[in-house]
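Chemist: Quick one, coords-v9.pdb (PDB, C-alpha atoms):
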```pdb
ATOM      1  CA  MET A   1     127.759 108.465 116.154
ATOM      2  CA  ALA A   2     128.430 104.861 117.189
ATOM      3  CA  ALA A   3     129.840 106.046 120.506
ATOM      4  CA  GLY A   4     126.834 108.348 120.964
ATOM      5  CA  ALA A   5     124.400 105.499 120.319
ATOM      6  CA  ALA A   6     126.230 103.361 122.879
ATOM      7  CA  VAL A   7     126.055 106.176 125.441
ATOM      8  CA  ILE A   8     122.312 106.551 124.804
ATOM      9  CA  ALA A   9     121.795 102.825 125.426
ATOM     10  CA  ALA A  10     123.833 102.946 128.654
ATOM     11  CA  LEU A  11     122.084 106.074 129.931
ATOM     12  CA  ALA A  12     118.696 104.608 129.047
ATOM     13  CA  LEU A  13     119.384 101.537 131.203
ATOM     14  CA  LEU A  14     120.619 103.723 134.064
ATOM     15  CA  SER A  15     117.594 106.013 133.717
ATOM     16  CA  ILE A  16     115.271 103.025 134.060
ATOM     17  CA  ALA A  17     117.245 101.552 136.960
ATOM     18  CA  TYR A  18     117.622 104.696 139.078
ATOM     19  CA  GLY A  19     114.811 106.604 140.749
ATOM     20  CA  SER A  20     112.969 106.659 144.043
ATOM     21  CA  THR A  21     113.487 102.877 144.053
ATOM     22  CA  LEU A  22     116.734 101.397 142.777
ATOM     23  CA  ILE A  23     116.126  98.451 140.457
ATOM     24  CA  PRO A  24     119.033  96.089 139.652
ATOM     25  CA  LEU A  25     120.099  96.144 136.015
ATOM     26  CA  THR A  26     119.437  92.408 135.713
ATOM     27  CA  ASP A  27     115.812  93.006 136.671
ATOM     28  CA  VAL A  28     115.602  95.936 134.265
ATOM     29  CA  ILE A  29     116.870  93.840 131.350
ATOM     30  CA  ALA A  30     114.583  90.935 132.309
ATOM     31  CA  SER A  31     111.552  93.258 132.552
ATOM     32  CA  LEU A  32     112.294  94.767 129.158
ATOM     33  CA  GLY A  33     112.921  91.383 127.547
ATOM     34  CA  HIS A  34     109.838  89.620 128.888
ATOM     35  CA  PRO A  35     107.248  91.520 126.744
ATOM     36  CA  MET A  36     109.375  90.748 123.674
ATOM     37  CA  GLY A  37     109.334  87.036 124.411
ATOM     38  CA  LEU A  38     112.994  86.781 125.378
ATOM     39  CA  ASP A  39     113.954  84.118 127.871
ATOM     40  CA  GLY A  40     115.134  85.244 131.264
ATOM     41  CA  HIS A  41     114.300  85.093 134.927
ATOM     42  CA  VAL A  42     110.816  86.230 135.889
ATOM     43  CA  VAL A  43     110.732  89.503 137.825
ATOM     44  CA  SER A  44     108.473  89.248 140.833
ATOM     45  CA  GLY A  45     106.327  91.964 142.392
ATOM     46  CA  PRO A  46     105.615  95.396 140.882
ATOM     47  CA  ILE A  47     109.111  95.854 139.433
ATOM     48  CA  GLY A  48     108.027  94.857 135.935
ATOM     49  CA  LYS A  49     105.185  97.383 136.037
ATOM     50  CA  ILE A  50     107.527 100.139 137.254
ATOM     51  CA  VAL A  51     110.015  99.434 134.466
ATOM     52  CA  VAL A  52     107.574  99.056 131.564
ATOM     53  CA  ASP A  53     104.753 101.422 132.512
ATOM     54  CA  LEU A  54     106.592 104.227 134.358
ATOM     55  CA  ARG A  55     110.288 104.461 133.619
ATOM     56  CA  LEU A  56     110.498 103.225 130.027
ATOM     57  CA  PRO A  57     108.057 105.889 128.712
ATOM     58  CA  ARG A  58     110.006 108.538 130.611
ATOM     59  CA  THR A  59     113.271 107.388 129.036
ATOM     60  CA  ILE A  60     111.777 107.370 125.536
ATOM     61  CA  MET A  61     110.359 110.848 126.095
ATOM     62  CA  ALA A  62     113.767 112.141 127.262
ATOM     63  CA  ILE A  63     115.354 110.818 124.060
ATOM     64  CA  CYS A  64     112.679 112.380 121.838
ATOM     65  CA  VAL A  65     112.604 115.765 123.588
ATOM     66  CA  GLY A  66     116.403 116.056 123.709
ATOM     67  CA  ALA A  67     116.801 115.067 120.064
ATOM     68  CA  GLY A  68     114.040 117.408 118.922
ATOM     69  CA  LEU A  69     115.286 120.455 120.819
ATOM     70  CA  GLY A  70     118.846 119.853 119.639
ATOM     71  CA  VAL A  71     117.779 119.816 115.968
ATOM     72  CA  VAL A  72     115.487 122.850 116.436
ATOM     73  CA  GLY A  73     118.425 124.825 117.820
ATOM     74  CA  ALA A  74     120.674 123.871 114.904
ATOM     75  CA  LEU A  75     118.098 124.937 112.296
ATOM     76  CA  LEU A  76     117.269 128.234 114.002
ATOM     77  CA  GLN A  77     120.961 129.104 114.284
ATOM     78  CA  THR A  78     121.404 128.382 110.578
ATOM     79  CA  VAL A  79     118.484 130.345 109.147
ATOM     80  CA  THR A  80     118.983 133.353 111.457
ATOM     81  CA  ARG A  81     122.800 133.249 111.328
ATOM     82  CA  ASN A  82     122.791 133.801 115.090
ATOM     83  CA  ASP A  83     124.897 131.536 117.309
ATOM     84  CA  LEU A  84     122.629 132.191 120.300
ATOM     85  CA  ALA A  85     119.356 131.247 118.594
ATOM     86  CA  ASP A  86     117.192 128.626 120.304
ATOM     87  CA  PRO A  87     113.451 128.132 120.985
ATOM     88  CA  PHE A  88     113.664 130.407 124.051
ATOM     89  CA  LEU A  89     114.857 133.338 121.953
ATOM     90  CA  PHE A  90     111.843 133.323 119.625
ATOM     91  CA  GLY A  91     109.042 133.064 122.161
ATOM     92  CA  LEU A  92     108.149 129.486 121.174
ATOM     93  CA  SER A  93     108.767 128.039 124.638
ATOM     94  CA  SER A  94     107.303 130.997 126.552
ATOM     95  CA  GLY A  95     104.115 130.911 124.489
ATOM     96  CA  ALA A  96     103.609 127.215 125.164
ATOM     97  CA  ALA A  97     104.287 127.705 128.883
ATOM     98  CA  ALA A  98     101.762 130.565 129.035
ATOM     99  CA  GLY A  99      99.121 128.332 127.476
ATOM    100  CA  ALA A 100      99.691 125.583 130.026
ATOM    101  CA  VAL A 101      99.794 127.979 132.996
ATOM    102  CA  SER A 102      96.532 129.632 131.890
ATOM    103  CA  VAL A 103      94.795 126.265 132.165
ATOM    104  CA  ILE A 104      96.312 125.508 135.571
ATOM    105  CA  THR A 105      95.525 128.862 137.153
ATOM    106  CA  VAL A 106      92.407 130.149 135.370
ATOM    107  CA  PHE A 107      90.470 127.912 132.989
ATOM    108  CA  GLY A 108      90.752 124.521 134.651
ATOM    109  CA  ASP A 109      90.608 120.985 133.301
ATOM    110  CA  SER A 110      88.200 120.842 130.353
ATOM    111  CA  PHE A 111      89.554 118.092 128.082
ATOM    112  CA  GLY A 112      90.740 115.544 130.628
ATOM    113  CA  ILE A 113      94.361 114.467 130.409
ATOM    114  CA  TRP A 114      94.793 116.271 127.074
ATOM    115  CA  THR A 115      93.898 119.710 128.447
ATOM    116  CA  LEU A 116      97.457 120.777 129.302
ATOM    117  CA  PRO A 117      99.096 119.464 126.105
ATOM    118  CA  VAL A 118      96.414 121.121 123.953
ATOM    119  CA  ALA A 119      96.761 124.424 125.828
ATOM    120  CA  ALA A 120     100.558 124.383 125.618
ATOM    121  CA  PHE A 121     100.473 123.586 121.911
ATOM    122  CA  THR A 122      97.946 126.377 121.291
ATOM    123  CA  GLY A 123     100.105 128.866 123.201
ATOM    124  CA  GLY A 124     103.211 127.937 121.205
ATOM    125  CA  ILE A 125     101.435 128.281 117.863
ATOM    126  CA  LEU A 126      99.894 131.602 118.984
ATOM    127  CA  ALA A 127     103.346 132.955 119.867
ATOM    128  CA  THR A 128     104.628 131.854 116.461
ATOM    129  CA  SER A 129     101.745 133.559 114.694
ATOM    130  CA  VAL A 130     102.402 136.813 116.539
ATOM    131  CA  VAL A 131     106.116 136.708 115.627
ATOM    132  CA  LEU A 132     105.388 136.095 111.933
ATOM    133  CA  LEU A 133     102.704 138.799 111.929
ATOM    134  CA  LEU A 134     105.149 141.315 113.402
ATOM    135  CA  VAL A 135     107.811 140.400 110.848
ATOM    136  CA  ALA A 136     105.300 140.705 107.984
ATOM    137  CA  ARG A 137     104.241 144.180 109.143
ATOM    138  CA  VAL A 138     107.729 145.697 109.133
ATOM    139  CA  ARG A 139     109.837 146.635 106.149
ATOM    140  CA  GLY A 140     112.414 143.952 105.463
ATOM    141  CA  GLN A 141     112.235 140.352 106.666
ATOM    142  CA  GLY A 142     115.856 139.546 107.434
ATOM    143  CA  PRO A 143     116.989 137.377 110.324
ATOM    144  CA  GLU A 144     117.536 140.357 112.621
ATOM    145  CA  ARG A 145     113.831 141.257 112.305
ATOM    146  CA  LEU A 146     112.843 137.723 113.232
ATOM    147  CA  ILE A 147     115.115 137.786 116.282
ATOM    148  CA  LEU A 148     113.806 141.143 117.548
ATOM    149  CA  ALA A 149     110.181 140.071 117.053
ATOM    150  CA  GLY A 150     110.881 136.793 118.826
ATOM    151  CA  LEU A 151     112.474 138.539 121.787
ATOM    152  CA  ALA A 152     109.520 140.924 122.114
ATOM    153  CA  VAL A 153     107.004 138.068 121.993
ATOM    154  CA  SER A 154     109.068 136.019 124.455
ATOM    155  CA  PHE A 155     109.066 138.856 127.006
ATOM    156  CA  MET A 156     105.352 139.452 126.435
ATOM    157  CA  PHE A 157     104.367 135.824 127.067
ATOM    158  CA  THR A 158     106.731 135.561 130.030
ATOM    159  CA  ALA A 159     105.024 138.606 131.576
ATOM    160  CA  LEU A 160     101.629 137.018 130.881
ATOM    161  CA  THR A 161     102.749 133.794 132.580
ATOM    162  CA  ASN A 162     103.934 135.680 135.666
ATOM    163  CA  TYR A 163     100.664 137.603 135.828
ATOM    164  CA  LEU A 164      98.640 134.378 135.624
ATOM    165  CA  VAL A 165     100.713 132.844 138.423
ATOM    166  CA  PHE A 166     100.021 135.737 140.799
ATOM    167  CA  ALA A 167      96.411 136.350 139.756
ATOM    168  CA  GLY A 168      95.325 132.700 139.618
ATOM    169  CA  ASP A 169      95.032 129.836 142.094
ATOM    170  CA  GLN A 170      98.080 129.985 144.379
ATOM    171  CA  ARG A 171      97.671 126.302 145.217
ATOM    172  CA  ALA A 172      98.744 125.461 141.669
ATOM    173  CA  ALA A 173     102.288 126.744 142.228
ATOM    174  CA  HIS A 174     103.873 123.296 141.989
ATOM    175  CA  SER A 175     102.229 122.539 138.642
ATOM    176  CA  VAL A 176     103.216 125.958 137.337
ATOM    177  CA  LEU A 177     106.806 125.298 138.382
ATOM    178  CA  PHE A 178     106.786 122.114 136.300
ATOM    179  CA  TRP A 179     105.682 123.908 133.142
ATOM    180  CA  THR A 180     108.055 126.845 133.543
ATOM    181  CA  MET A 181     111.136 124.744 134.435
ATOM    182  CA  GLY A 182     110.403 121.488 132.652
ATOM    183  CA  GLY A 183     110.177 117.855 133.647
ATOM    184  CA  LEU A 184     109.399 114.399 132.324
ATOM    185  CA  GLY A 185     107.046 113.324 135.090
ATOM    186  CA  LEU A 186     104.007 113.315 132.771
ATOM    187  CA  ALA A 187     105.491 110.668 130.472
ATOM    188  CA  ARG A 188     102.977 107.897 129.750
ATOM    189  CA  TRP A 189     102.440 105.497 126.895
ATOM    190  CA  ASP A 190      99.404 107.477 125.758
ATOM    191  CA  ASN A 191     101.395 110.689 125.157
ATOM    192  CA  ILE A 192     104.662 109.228 123.896
ATOM    193  CA  ALA A 193     103.299 109.568 120.349
ATOM    194  CA  LEU A 194     103.305 113.372 120.801
ATOM    195  CA  ALA A 195     106.994 113.390 121.713
ATOM    196  CA  VAL A 196     107.801 111.145 118.750
ATOM    197  CA  LEU A 197     105.788 113.433 116.442
ATOM    198  CA  GLY A 198     107.563 116.546 117.716
ATOM    199  CA  ALA A 199     111.051 115.100 117.285
ATOM    200  CA  GLY A 200     110.245 113.264 114.052
ATOM    201  CA  SER A 201     108.752 116.310 112.306
ATOM    202  CA  ILE A 202     111.788 118.560 112.803
ATOM    203  CA  LEU A 203     114.277 115.740 112.143
ATOM    204  CA  GLY A 204     112.508 114.683 108.935
ATOM    205  CA  TYR A 205     112.269 118.286 107.716
ATOM    206  CA  ALA A 206     115.939 118.945 108.411
ATOM    207  CA  LEU A 207     117.158 115.798 106.652
ATOM    208  CA  TRP A 208     114.878 116.380 103.657
ATOM    209  CA  ASN A 209     116.106 119.973 103.211
ATOM    210  CA  HIS A 210     119.715 119.556 104.309
ATOM    211  CA  ARG A 211     121.152 120.829 100.998
ATOM    212  CA  LYS A 212     119.031 124.005 101.097
ATOM    213  CA  LEU A 213     120.139 124.573 104.685
ATOM    214  CA  ASP A 214     123.764 124.101 103.616
ATOM    215  CA  ALA A 215     123.317 126.950 101.130
ATOM    216  CA  PHE A 216     122.576 129.352 104.015
ATOM    217  CA  LEU A 217     126.152 128.814 105.229
ATOM    218  CA  ALA A 218     127.482 130.707 102.204
ATOM    219  CA  GLY A 219     125.261 133.741 102.879
ATOM    220  CA  GLU A 220     121.847 134.864 101.666
ATOM    221  CA  ASN A 221     123.016 136.159  98.283
ATOM    222  CA  ALA A 222     124.874 132.947  97.514
ATOM    223  CA  ALA A 223     121.876 130.879  98.612
ATOM    224  CA  GLU A 224     119.570 132.886  96.321
ATOM    225  CA  SER A 225     121.976 132.404  93.414
ATOM    226  CA  LEU A 226     121.865 128.644  94.060
ATOM    227  CA  GLY A 227     118.086 128.676  93.704
ATOM    228  CA  VAL A 228     117.104 128.656  97.387
ATOM    229  CA  PRO A 229     114.144 130.961  98.201
ATOM    230  CA  VAL A 230     115.753 132.405 101.337
ATOM    231  CA  ALA A 231     112.818 134.318 102.834
ATOM    232  CA  ARG A 232     110.325 131.498 102.242
ATOM    233  CA  MET A 233     112.782 128.881 103.517
ATOM    234  CA  ARG A 234     113.381 130.903 106.681
ATOM    235  CA  ARG A 235     109.643 131.246 107.356
ATOM    236  CA  THR A 236     108.991 127.565 106.690
ATOM    237  CA  THR A 237     111.855 126.490 108.942
ATOM    238  CA  PHE A 238     110.593 128.768 111.693
ATOM    239  CA  LEU A 239     107.066 127.344 111.376
ATOM    240  CA  VAL A 240     108.255 123.727 111.508
ATOM    241  CA  ALA A 241     110.514 124.554 114.459
ATOM    242  CA  ALA A 242     107.576 126.226 116.217
ATOM    243  CA  PHE A 243     105.307 123.230 115.573
ATOM    244  CA  SER A 244     107.909 120.804 116.909
ATOM    245  CA  THR A 245     108.779 122.965 119.924
ATOM    246  CA  ALA A 246     105.128 123.475 120.854
ATOM    247  CA  ILE A 247     104.503 119.725 120.833
ATOM    248  CA  LEU A 248     107.625 118.976 122.887
ATOM    249  CA  VAL A 249     106.829 121.702 125.434
ATOM    250  CA  SER A 250     103.251 120.399 125.679
ATOM    251  CA  VAL A 251     104.531 117.115 127.145
ATOM    252  CA  ALA A 252     107.746 118.159 128.894
ATOM    253  CA  GLY A 253     107.404 121.824 129.861
ATOM    254  CA  VAL A 254     110.018 124.474 129.085
ATOM    255  CA  ILE A 255     113.535 122.983 129.049
ATOM    256  CA  GLY A 256     116.107 125.642 128.287
ATOM    257  CA  PHE A 257     119.578 125.770 126.717
ATOM    258  CA  VAL A 258     119.415 122.383 124.953
ATOM    259  CA  GLY A 259     118.867 123.996 121.568
ATOM    260  CA  LEU A 260     121.601 126.535 122.286
ATOM    261  CA  MET A 261     124.339 124.170 123.463
ATOM    262  CA  ILE A 262     123.982 121.067 121.330
ATOM    263  CA  PRO A 263     124.768 122.583 117.875
ATOM    264  CA  HIS A 264     127.952 124.190 119.230
ATOM    265  CA  LEU A 265     129.046 120.885 120.757
ATOM    266  CA  CYS A 266     128.331 118.939 117.560
ATOM    267  CA  ARG A 267     129.891 121.190 114.908
ATOM    268  CA  PRO A 268     133.510 120.388 115.869
ATOM    269  CA  LEU A 269     132.632 116.683 115.602
ATOM    270  CA  ALA A 270     130.237 116.566 112.651
ATOM    271  CA  GLY A 271     131.213 119.631 110.629
ATOM    272  CA  GLN A 272     129.022 122.452 109.312
ATOM    273  CA  LEU A 273     127.022 120.531 106.687
ATOM    274  CA  HIS A 274     123.571 119.619 107.880
ATOM    275  CA  LEU A 275     123.254 115.959 106.936
ATOM    276  CA  ARG A 276     125.764 114.920 109.583
ATOM    277  CA  LEU A 277     125.166 117.887 111.869
ATOM    278  CA  VAL A 278     121.442 117.182 112.261
ATOM    279  CA  ALA A 279     122.044 113.519 113.038
ATOM    280  CA  ALA A 280     124.717 114.433 115.586
ATOM    281  CA  CYS A 281     122.461 117.053 117.225
ATOM    282  CA  ALA A 282     119.715 114.445 117.604
ATOM    283  CA  VAL A 283     122.073 111.932 119.226
ATOM    284  CA  PHE A 284     123.823 114.338 121.582
ATOM    285  CA  GLY A 285     120.611 116.167 122.446
ATOM    286  CA  ALA A 286     119.186 112.845 123.590
ATOM    287  CA  ILE A 287     122.337 112.187 125.631
ATOM    288  CA  LEU A 288     122.170 115.579 127.326
ATOM    289  CA  LEU A 289     118.534 115.213 128.338
ATOM    290  CA  LEU A 290     118.916 111.611 129.518
ATOM    291  CA  ALA A 291     121.880 112.609 131.686
ATOM    292  CA  SER A 292     120.089 115.724 132.978
ATOM    293  CA  ASP A 293     116.967 113.745 133.874
ATOM    294  CA  LEU A 294     119.086 111.169 135.692
ATOM    295  CA  MET A 295     120.767 113.952 137.685
ATOM    296  CA  ALA A 296     117.410 115.607 138.435
ATOM    297  CA  ARG A 297     116.121 112.383 140.015
ATOM    298  CA  THR A 298     119.243 111.481 141.997
ATOM    299  CA  LEU A 299     120.769 114.763 143.267
ATOM    300  CA  LEU A 300     118.153 115.480 145.934
ATOM    301  CA  PRO A 301     116.368 112.218 146.814
ATOM    302  CA  PRO A 302     113.533 111.550 147.356
ATOM    303  CA  GLN A 303     112.568 114.855 145.702
ATOM    304  CA  GLU A 304     112.836 115.339 141.967
ATOM    305  CA  LEU A 305     114.393 118.560 140.720
ATOM    306  CA  PRO A 306     112.877 120.294 137.673
ATOM    307  CA  ILE A 307     115.047 119.271 134.765
ATOM    308  CA  GLY A 308     115.288 122.908 133.646
ATOM    309  CA  ILE A 309     117.457 123.640 136.696
ATOM    310  CA  ILE A 310     120.009 121.096 135.482
ATOM    311  CA  THR A 311     120.039 122.186 131.831
ATOM    312  CA  SER A 312     120.127 125.904 132.748
ATOM    313  CA  SER A 313     123.070 125.347 135.093
ATOM    314  CA  ILE A 314     124.970 123.447 132.417
ATOM    315  CA  GLY A 315     123.973 126.049 129.827
ATOM    316  CA  ALA A 316     125.187 128.986 131.903
ATOM    317  CA  PHE A 317     128.551 127.295 132.435
ATOM    318  CA  PHE A 318     128.715 126.492 128.711
ATOM    319  CA  VAL A 319     128.021 130.079 127.609
ATOM    320  CA  VAL A 320     130.608 131.483 130.037
ATOM    321  CA  THR A 321     133.184 128.963 128.776
ATOM    322  CA  MET A 322     132.463 129.875 125.162
ATOM    323  CA  LEU A 323     132.775 133.593 125.940
ATOM    324  CA  VAL A 324     136.103 133.080 127.686
ATOM    325  CA  ARG A 325     137.357 131.105 124.679
ATOM    326  CA  ASN A 326     136.021 133.788 122.272
ATOM    327  CA  ARG A 327     133.756 131.306 120.516
ATOM    328  CA  LEU A 328     130.600 133.466 120.730
TER     329      LEU A 328
END
```
I'd like the structure from this file rewritten - as structure tokens, please.

Modeler:
Amino acid sequence: MAAGAAVIAALALLSIAYGSTLIPLTDVIASLGHPMGLDGHVVSGPIGKIVVDLRLPRTIMAICVGAGLGVVGALLQTVTRNDLADPFLFGLSSGAAAGAVSVITVFGDSFGIWTLPVAAFTGGILATSVVLLLVARVRGQGPERLILAGLAVSFMFTALTNYLVFAGDQRAAHSVLFWTMGGLGLARWDNIALAVLGAGSILGYALWNHRKLDAFLAGENAAESLGVPVARMRRTTFLVAAFSTAILVSVAGVIGFVGLMIPHLCRPLAGQLHLRLVAACAVFGAILLLASDLMARTLLPPQELPIGIITSSIGAFFVVTMLVRNRL
């Protein structure tokens, strides 16, 4: 954890320094220290504005989104007992993306700068409601039912997104690409609170209920015998995960494979119990997204790649490696 925190600090400085304009680390540190009243050389020109108003919010958002998605993946894998569970699998991300794309291609800007976040959040919650309604309508509410319902809803909202892209304004293709492949380009000080809320809600829930989540590791019957209401706990965890995912997607678009990879990377280091596992998933999720965002901005200058391309490439390699090693 100490090493992970140090890596986050180093990547954060590099993320602020690198971009379309390279800023020396001394100027970055001076620009960050000046608002806090620390002595140092005065940074001339617009560099201070770039550091504080543009790149620092982006770095904070990368940390929050990575940490939140990492913890969401760990909790979904626990309550469904499925090693491949992540927000993609349950339609949470696709529902939020469909909401954002519907605004871009059909409905237009109605609430100013908050239109897209509100639409994405509404789409994510709608997808969650449909999944829970499907599960409630079938006999038995085990994890396999939740997974099948989530897959069906994910495909349905993905099809809706594709239809909206082709039927709507074709000039909005670039904006649609952002929401379907993810990015941190919308990070501003006025929406950082959303990212903090999304990550904080799932992290707080996981730490508060870590003992109940540990009981799931022994199986549903053992968890029930220990006093854990398994069905209610699974629904509540899914709802909190959906709320957190919808908020994170509303500010960063759909970023895949973070929730899938991070728990598998952290369990050999932190163990199976959730108090340490959740903290490790938050730290290493932040590291993964900071590093991916840095790669997205520097691989093809001056263009910025969608961050989902980076995380999906890493995720595909990760899954293949795990299959070869018989870990999945």

Chemist: Applying 7 Å and all atoms listed in the file, which residues near A:Leu116 remain after dropping the ones on its own chain fewer than 4 positions away? List them as a list in words.

Modeler: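 So, after excluding close chain neighbours, the residues are Ala100, Val103, Ala120 and Ser250 of chain A.
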
Chemist: Evaluate the PyMOL selection byres ((chain A and resi 294) around 12) against this structure - the residues, as a PyMOL selection string, please.

Modeler: chain A and resi 10-20+55+58-59+62+183-184+287-293+295-301+304-307+310-311

Chemist: At a cut-off of 12 Å around the point (119.2, 140.6, 119.1) (file coordinates), what residues fall inside when counting all atoms listed in the file? I'd like the answer as a tab-separated table (two decimals) with C-alpha atoms, in the coordinates of the input.

Modeler:
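Full text of selection17.tsv as output:
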```tsv
chain	number	residue	atom	x	y	z
A	80	THR	CA	118.98	133.35	111.46
A	81	ARG	CA	122.80	133.25	111.33
A	82	ASN	CA	122.79	133.80	115.09
A	83	ASP	CA	124.90	131.54	117.31
A	84	LEU	CA	122.63	132.19	120.30
A	85	ALA	CA	119.36	131.25	118.59
A	89	LEU	CA	114.86	133.34	121.95
A	90	PHE	CA	111.84	133.32	119.62
A	143	PRO	CA	116.99	137.38	110.32
A	144	GLU	CA	117.54	140.36	112.62
A	145	ARG	CA	113.83	141.26	112.30
A	146	LEU	CA	112.84	137.72	113.23
A	147	ILE	CA	115.12	137.79	116.28
A	148	LEU	CA	113.81	141.14	117.55
A	149	ALA	CA	110.18	140.07	117.05
A	150	GLY	CA	110.88	136.79	118.83
A	151	LEU	CA	112.47	138.54	121.79
A	152	ALA	CA	109.52	140.92	122.11
```

Chemist: For the atom pair atom CA of A:Ala199 and atom CA of A:Ala67, what is the interatomic distance in Å to one decimal place?

Modeler: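 Atom-to-atom, atom CA of A:Ala199 and atom CA of A:Ala67 are spaced 6.4 Å apart.
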
Chemist: Any idea what the distance is between atom CA of A:Val106 and atom CA of A:Asp86?

Modeler: 29.0 Å

Chemist: Using only C-alpha atoms, find each residue of stretch 69-139 of chain A with at least one atom at most 10 Å away from an atom of stretch 232-236 of chain A; report its shortest atom-to-atom pair and that distance in Å (one decimal), sort the rows by chain and rising residue number, and return the result as CSV.

Modeler:
```
residue,atom,partner,partner_atom,distance
A:Leu75,CA,A:Arg234,CA,9.5
A:Leu76,CA,A:Arg234,CA,8.7
A:Thr78,CA,A:Arg234,CA,9.3
A:Val79,CA,A:Arg234,CA,5.7
A:Thr80,CA,A:Arg234,CA,7.8
A:Leu132,CA,A:Arg235,CA,7.9
A:Val135,CA,A:Arg235,CA,10.0
```
